[in-house]
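So the structure is just underneath, and the comments pick up after that.
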Amino acid sequence: MWSADEIAELCYRHYRTRLPKQGKPDPNREWTSLAAVVKVESATQREVCADPGNLQVMKEVVAMGTGTKCIGQNRMRKTGDILNDSHAEIVAKRSFQRYLLHQMWLAASHQPCSIFIPGTETGKWRLKPNTRFVFFCSHTPCGDASIIPITEPESQLSKPMTGDGAAGQSSECKSDHERLGIEKRKSETTSSNHEIKRMKTDGDGYFSVITEDLSVQQVSVKQDDTNPKIFECSGEMQTANKETGLGRPKVVDVYRTGAKCVPGVLGDARVPGLGYHCVGLLRVKPGRGDRTCSMSCSDKMARWNVLGCQGALLMHFLQYPVYLSAIIVGKCPYSQEAMQRAIIERCQHISCLPDGFLPQEVKLLQSDLQFEHSRQAIQEVRAKSKTKLVPCSAAISWSAVPEQPLDVTSDGFRQGTTKKGIGSHQSRSKICKVELFHMFQKLVTSISLEALPDTLRMKTLETYWDYKEAAVNYQEAWKVLRSQALQGWVKNAKEYLHFI
């Protein structure tokens with residue numbers, strides 16, 4: 001059908017040929033991350049019967065994103081016109097939602113080129129049975145999936161078997177391991193100057209958070225048996241160590257993730273070595289001084305694996321969620337066990353979901369092909385340079401839509417936006433909340449009242465919040481997921497969602 005390398009090469013080629021130089025990193029001093037959604041269309045049953053020898057699969061990039069940044073909670077806006085999270089995976093997913101909205105408009109306009117066909121309920125649609133979506137990211141998602149064993153003597157990291165043969169090795173691990181030693185020593189001699197206070201829960205498994213500047217305090221963590229997650233992590237590594245006689249390299253440490261544990265739940269032990277992190281925990285992305293409210297990419301992808309990638313708004317029109325059939329990671333430090341745990345296992349036990357929602361057994365694969373603008377690739381090229389390497393400040397969004405498919409942003413707004421221009425229509429990214437909401441509203445108004453699904457006909461809806469809450473099956477599924485698997489998910493306050 002297809003291989004991990006074929007998907008990676010397709011995404012890299014799209015990045016090189018379809019995205020402009022604007023927004024890409026300066027390879028002399030910058031790096032970035034890449035993510036994309038690839039549509040995979042297999043031959044229909046009719047086509048196979050007509051030509052049994054022709055089993056060609058059509059692959060097309062339908063959404064792409066680059067980026068490494070997040071805004072702090074103090075820069076969030078109540079108008080929905082800023083991108084809170086510009087990590088590549090999230091930019092790609094929001095670009096994918098833009099693509100899905102356009103495809104839904106094509107379906108509602110009775111155009112056969114849409115990926116959707118009528119469902120069995122009034123106003124509902126479903127994916128064509130021969131259409132699947134594959135997610136690609138150039139690096140392991142931040143958060144739980146990035147807590148990866150480091151092995152001796154060559155820091156070989158495991159990767160899954162693909163159709164083309166056995167797992168390969170990551171050539172960057174050694175330099176990352178050396179860098180880790182420096183970062184670890186720094187982390188062991190400093191402490192945070194922010195305290196995260198737990199607020200009263202709102203009754204559905206959320207925590208709201210605030211930060212408060214405090215004087216630096218030294219925190220001592222005693223390693224004992226009160227923290228089972230530490231020993232779950234260490235136990236996994238120790239099992240690997242016992243098997244070194246069978247050819248499995250000895251585990252000596254773990255890669256660190258910058259994502260911080262959510263408040264009000266078990267935290268990292270932060271002791272040297274294998275017990276530094278606790279695994280399986282929800283985390284928020286780090287900010288520069290100002291803490292973010294954005295959950296880690298690992299956590300968000302675990303959520304997509306149960307609720308789908310379409311979001312609440314599009315669920316009004318869908319009989320079933322739009323799930324990913326595979327997630328492929330580019331050449332980088334990688335652990336199949338960590339990906340399996342972070343994306344699938346944390347949520348696979350949940351029950352009592354509404355009809356149509358189901359935890360997925362998404363395929364997890366790694367490619368041997370490295371992204372040309374990844375941190376590892378840039379480091380290899382400029383190994384002797386003394387210039388400091390920094391993440392690119394811009395993010396690029398691309399969607400397979402006919403009007404303005406491309407968007408370049410910085411600090412959550414269109415690149416080039418001045419302080420005076422913030423709040424104007426021209427400053428908005430095409431994938432910010434309010435722009436996607438307006439695209440959804442145009443879709444709704446283009447459909448006659450009798451052809452709308454029940455959830456959009458039963459009562460008057462005005463704000464973004466109103467429309468999201470009216471997607472009752474999606475909201476019920478999200479409530480079940482939070483209560484059974486993702487307790488403590490950090491929620492944006494309602495005031496940030498009451499725009500029109």
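We label chains A, B, ... in the order they appear in the structure tokens, count residues from 1 in each chain, and number ligands from 1 in the order shown.
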
request  = Please provide as a PyMOL selection string all residues within 7 Å of Val408 in chain A, with the sequence filter that same-chain residues fewer than 5 positions apart are discarded (counting only C-alpha atoms).
outcome  = chain A and resi 23+394-397+414-415

Atoms to include: C-alpha atoms. Write the selected residues as a short mmCIF file (atom, residue, chain, number, x, y, z; two decimals), in the first residue's frame.
data_model
loop_
_atom_site.label_atom_id
_atom_site.label_comp_id
_atom_site.auth_asym_id
_atom_site.auth_seq_id
_atom_site.Cartn_x
_atom_site.Cartn_y
_atom_site.Cartn_z
CA GLY A 23 8.41 31.47 7.39
CA ALA A 394 7.50 31.73 12.50
CA ALA A 395 4.86 29.08 11.84
CA ILE A 396 3.50 28.13 8.41
CA SER A 397 0.00 26.81 7.79
CA ARG A 414 0.05 36.98 10.76
CA GLN A 415 3.74 37.65 10.25
#

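Of all the residues in range 96-132 of chain A, the ones DSSP labels as helix (DSSP H, G or I) from the backbone are Phe96, Gln97, Arg98, Tyr99, Leu100, Leu101, His102, Gln103, Met104, Trp105, Leu106, Ala107 and Ala108 of chain A.
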
message = Between CA of Phe440 in chain A and CA of Thr463 in chain A, what is the distance in Å, rounded to a tenth?
response = 12.0 Å

inquiry  = Restricting the calculation to only C-alpha atoms: of A:Ile431, A:Val57, A:Leu34, A:Leu100, which residue gets closest to Leu19 in chain A?
reply    =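 Checking each of A:Ile431, A:Val57, A:Leu34, A:Leu100 against Leu19 in chain A, counting only C-alpha atoms, the winner is A:Leu34.
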
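Near Arg94 in chain A, within 10 Å and counting only C-alpha atoms, sit Ala63, Met64, Gly65, Ser86, Ala88, Glu89, Tyr99, Leu100, Cys309, Gln310, Gly311, Ser397, Trp398, Ser399, Lys430, Ile431, Cys432, Lys433 and Leu436 of chain A, not including residues fewer than 5 positions from it in the same chain.
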
ask   = Which residue out of A:Thr122, A:Thr387, A:Gln360, A:Ser298 has the minimum interatomic distance to Tyr323 in chain A when only C-alpha atoms are used?
value = A:Gln360
